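Structure, as structure tokens:
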Amino acid sequence: MRCLQESAVGKYYITTAIDYPNGPPHIGHSLEKVAADVAARYHRLRGDDTFFSMGLDENSQHVLAAAEANGTPAREWVDLIDEAFRSAWRKLDITYDRWIRTTEPAHFHASQELFRRAQANGDIYKGTYAGYYCPRCNTFYTTGELTPQGTCPDHPTVTPDWIEEGNYFFALSKYTDRLTQYFEKHPDFIVPATWRGEVVNVLRQGLRDFSVSRPVRSGKLVDGKPWGVPVPGDPDHVLYVWFDALTNYLTAVGFPEEPERFERYWPADAHVIGKDITRFHCLYWPAMLMSAGIELPKSVAVHGFMTLEGDRISKTTGNIIDPGELADEFGADAVRYYLMRDISFERDGDFARANLIQRYNSDLANDLGNLLNRTVSMIGRYFQGVLPEPVAPVAPVLPAAPSSAASSSDATGLDAGLQRVARAAGEATAAGIERWDFDSALDGAWQLVRRANQYIDECEPWKLARDPEQRARLGAVLYNAAESLRLLTIYVAPFIPSAAAKMRAQLGLPKIEHGAWATQTTWGGLQAGTRLEKAQPVFPRIETAK
RNA sequence: GCCAGGGUAGCUCAGUGGUAGAGCGAGGGACUCAUAAGCCCUUGGUCGCGAGUUCGAGUCUCGCCCCUGGCACCA
């Protein structure tokens, strides 16, 4: 199948959007980071030279406004929020390789270099940007955005003035045709396909140039210096958000100062973003790169938004959850599993605690956790914790009683069926991840969880254990159950990494290796004689009041 | 208003024109290795509404109703 061959060992560079440090992270930020982390972990398991970049978009006047509102000096503020974000992602087991902050000198160099290249290509020109300017927000508004009384939407006492100011513009309009052609040639550039239509639609209406700078005097100064990346050759201007922010994807892999690293990872294989910034990533960004003569990213993966308990996530109403606290409460695996299994990546979804608990208990504790527990427990009880031989199954010697299903089924068929499901489950999981369809990926893995639980019930090892003549068969059954679990630890590792590690420890397996998905997913990897640990619940049930 | 995507069992959703599915939930059963978990069975839907095409439509066409998202420099 496509997934298994195309993703043969290579490199994989994945990014998430960089967030504004205008407040601490909330649960809405976490879907994207977890999804990207799952993809990154998956590619590492496939053996790819993987690089995963995340970070913060600090060069914004919004950030200064937030700092001021909190009465904190700007630098202190961004450091504080920076720590809050990294702490949250640490608690969610997000394994980024590079944490980028756009206030880094390296990023200044990268965005200035990109600007120069676009300029050299004749795509930067000076124009006039006009709008209603609210000094409290440091933001321009259009007529439609103001209140009917003409006041600022956020500051009812302020009546913004019409201001025109000199600005540098990027000639996006020049790229309408090239972008159109590009999307035609690369139908998979935007995934899922839903979002492709919207972008192409905008393209059809033609593109407008956009401003890429702001005069320094219209922004606040920090430590006597303008906040942002100075425009090369014109210190009176700083780069304006998108031109600066998007460039972080280049900075993260060493553009332009580490050419060998840049060559190694660029172009990005996937930019994972929220639906609100689709246009910038699918139109502005490719055009900027075309202008600078840099290869375009392979794909942009767009996810939907989340509501929280049915309501919009909103700082003003306080309807937020700190992802770090959530991880503290339920564990990173529970949160990650719930996000990936219950919240659609493509469409909008709702985050609800009750559903998280439901999912956890039903899928993780009851299905997967119990499968491990009963298997390890029986190997402990019947084989003193030493993994038995996977001897060729012998047809059960139960001559007379075709009454129960198990005794009338033949062992060879059961064993072969389990192996077949194990293989199919791995393929389904991989295919789902590669399509950004995590729900179906997990559903694929759970096909094996269910089958293995059924297999155990059908083989009834506790009955085999009472008959010394069935000793070999008993061993084979438990081996097969354990081997299913070994495969599952690889399949689920991208989603629930620490649980996968705990499961492997109980199974007496070493830590999961880079490339394991490519090299260790063939049936029969478990070695007889392996010493298992004592069975211990990996997913203790969450008891609810009712 | 325009564009896109949805409206299928209590919930979340899957369904290449040919007798409506899964998981969860609910009810029951047989077991006992296991986290009172697992396994088996059952329950449960006028597939948004109305026409049309077709031997036959959840599945195609048209109209209508409702929901969500997008309509450009705004997480």
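Ligands are numbered from 1 in the order shown, residues from 1 within each chain, and chains are lettered A, B, ... in the order they appear in the structure tokens.
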
* To do: Just the residues within 10 Å of range 4-8 of chain B, please, counting only C-alpha atoms (C1' of nucleotides), with nothing from its chain fewer than 5 positions along; format it as a PyMOL selection string.
  => (chain A and resi 194-198+201+347) or (chain B and resi 13-15+20-21+45+47-48+58+66-70)

What's the 9 Å shell around A72 in chain B, counting only C-alpha atoms (C1' of nucleotides), without same-chain residues fewer than 6 positions away, as a compact mmCIF listing (two decimals) with C-alpha atoms, in the first residue's frame?
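Written out: around.txt:
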```txt
# COMPACT_ATOMS: atom_id res chain seq x y z
CA VAL A 202 -10.00 32.91 -2.74
CA LEU A 207 -5.01 38.18 -4.67
CA ARG A 208 -4.25 41.53 -3.12
CA ARG A 279 -4.73 31.50 3.83
CA PHE A 280 -1.47 32.75 5.17
```

* Asked: For chain B, which residues have at least one atom within 12 Å of chain A, if we go by only C-alpha atoms (C1' of nucleotides)? Write them as number ranges by chain, please.
  -> B: 2-6, 11-14, 22-25, 30-40, 68-75

Write to file, as a compact mmCIF listing (two decimals), in the first residue's frame, the residues of the selection just made, with C-alpha atoms (C1' of nucleotides).
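What follows is the written file out_22.txt:
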```txt
# COMPACT_ATOMS: atom_id res chain seq x y z
C1' C B 2 -21.85 34.15 -2.19
C1' C B 3 -18.82 29.56 -1.56
C1' A B 4 -17.80 24.89 1.06
C1' G B 5 -19.05 20.99 4.42
C1' G B 6 -22.71 18.73 7.24
C1' C B 11 -24.34 9.80 22.15
C1' U B 12 -19.91 9.96 18.54
C1' C B 13 -19.75 8.70 13.75
C1' A B 14 -18.92 4.97 9.07
C1' A B 22 -19.62 0.21 14.16
C1' G B 23 -18.16 1.89 18.92
C1' C B 24 -20.12 3.81 23.39
C1' G B 25 -24.68 3.69 26.36
C1' A B 30 -22.38 -17.73 29.96
C1' C B 31 -17.59 -17.57 32.21
C1' U B 32 -13.61 -16.22 35.86
C1' C B 33 -7.21 -15.14 33.64
C1' A B 34 -8.04 -9.80 34.56
C1' U B 35 -8.62 -2.96 36.52
C1' A B 36 -16.72 -5.63 39.20
C1' A B 37 -12.74 -5.35 33.40
C1' G B 38 -13.24 -8.99 29.09
C1' C B 39 -16.58 -12.32 25.97
C1' C B 40 -21.57 -13.53 23.79
C1' U B 68 -21.11 24.78 10.99
C1' G B 69 -17.12 27.09 8.59
C1' G B 70 -14.89 30.59 4.98
C1' C B 71 -15.58 35.38 2.29
C1' A B 72 -8.18 38.10 2.95
C1' C B 73 -3.57 41.26 6.52
C1' C B 74 -8.01 38.74 12.89
C1' A B 75 -5.11 32.38 17.75
```

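Rounded to one decimal, CA of Leu326 in chain A and CA of Glu83 in chain A lie 16.9 Å from each other.
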
* To do: Identify, with DSSP run on backbone atoms, the residues in range 314-507 of chain A assigned to strand (DSSP E or B), and express the list as a list in words.
  => Ser314, Asn319, Gly349, Asp350, Phe351 and Val386 of chain A

Can you write out the residues you just picked, keeping C-alpha atoms, as a PDB file, in the first residue's frame?
```pdb
ATOM      1  CA  SER A 314     -12.765  32.314  25.462  1.00  0.00           C
ATOM      2  CA  ASN A 319     -13.995  29.194  29.501  1.00  0.00           C
ATOM      3  CA  GLY A 349     -15.054  19.247  17.851  1.00  0.00           C
ATOM      4  CA  ASP A 350     -16.104  19.594  21.445  1.00  0.00           C
ATOM      5  CA  PHE A 351     -13.907  18.901  24.432  1.00  0.00           C
ATOM      6  CA  VAL A 386       8.664 -16.470  31.864  1.00  0.00           C
TER       7      VAL A 386
END
```

* Structure fact -> Judged by only C-alpha atoms, the minimum distance to Ile357 in chain A among A:Glu543, A:Asp467, A:Glu309, A:Trp446 is found for A:Glu543

* To do: Please identify all polymer residues within 6 Å of range 215-232 of chain A, counting only C-alpha atoms (C1' of nucleotides), omitting same-chain residues fewer than 6 positions from it, and present them as a PyMOL selection string.
  => chain A and resi 59+108+238-239

Please produce a file of the residues just selected, as an mmCIF file, in the first residue's frame, where the atoms kept are C-alpha atoms.
```cif
data_model
loop_
_atom_site.group_PDB
_atom_site.id
_atom_site.type_symbol
_atom_site.label_atom_id
_atom_site.label_comp_id
_atom_site.auth_asym_id
_atom_site.auth_seq_id
_atom_site.Cartn_x
_atom_site.Cartn_y
_atom_site.Cartn_z
ATOM 1 C CA ASN A 59 7.120 40.067 17.583
ATOM 2 C CA PHE A 108 15.946 38.176 12.812
ATOM 3 C CA VAL A 238 9.782 46.660 11.422
ATOM 4 C CA LEU A 239 8.512 43.604 9.625
#
```

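Across the structure, CA of Leu487 in chain A and CA of Thr521 in chain A are spaced 6.1 Å apart.
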
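From CA of Glu58 in chain A back to CA of Thr307 in chain A, the distance works out to 25.6 Å.
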
* Asked: Got a sec to tell me which of range 248-398 of chain A DSSP assigns to alpha helix (DSSP H), as JSON, numbers by chain?
  -> {"A": [248, 249, 250, 251, 259, 260, 261, 262, 263, 264, 265, 278, 279, 285, 286, 287, 288, 289, 290, 291, 292, 323, 324, 325, 326, 327, 328, 329, 330, 332, 333, 334, 335, 336, 337, 338, 339, 340, 341, 342, 353, 354, 355, 356, 357, 358, 359, 370, 371, 372, 373, 374, 375, 376, 377, 378, 379, 380, 381, 382, 383]}

Excluding same-chain residues fewer than 6 positions from C64 in chain B, what lies within 12 Å of it counting only C-alpha atoms (C1' of nucleotides), as a short mmCIF file (atom, residue, chain, number, x, y, z; two decimals) with C-alpha atoms (C1' of nucleotides), in the first residue's frame?
```cif
data_model
loop_
_atom_site.label_atom_id
_atom_site.label_comp_id
_atom_site.auth_asym_id
_atom_site.auth_seq_id
_atom_site.Cartn_x
_atom_site.Cartn_y
_atom_site.Cartn_z
"C1'" G B 48 -33.54 16.75 7.80
"C1'" C B 49 -38.35 17.69 4.45
"C1'" G B 50 -40.68 17.30 -0.52
"C1'" A B 51 -40.50 15.96 -5.46
#
```

* For C41 in chain B, work out the shell of residues within 12 Å, counting only C-alpha atoms (C1' of nucleotides) and skipping chain neighbours fewer than 4 positions away, then give it as a PyMOL selection string. => chain B and resi 27-30

For the residues in the current selection, export C-alpha atoms (C1' of nucleotides) as a tab-separated table (two decimals), in the first residue's frame.
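Output file selection-v2.tsv is given in full below:
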```
chain	number	residue	atom	x	y	z
B	27	G	C1'	-31.02	-4.72	28.91
B	28	G	C1'	-29.87	-9.98	29.29
B	29	G	C1'	-26.51	-14.39	29.40
B	30	A	C1'	-22.38	-17.73	29.96
```
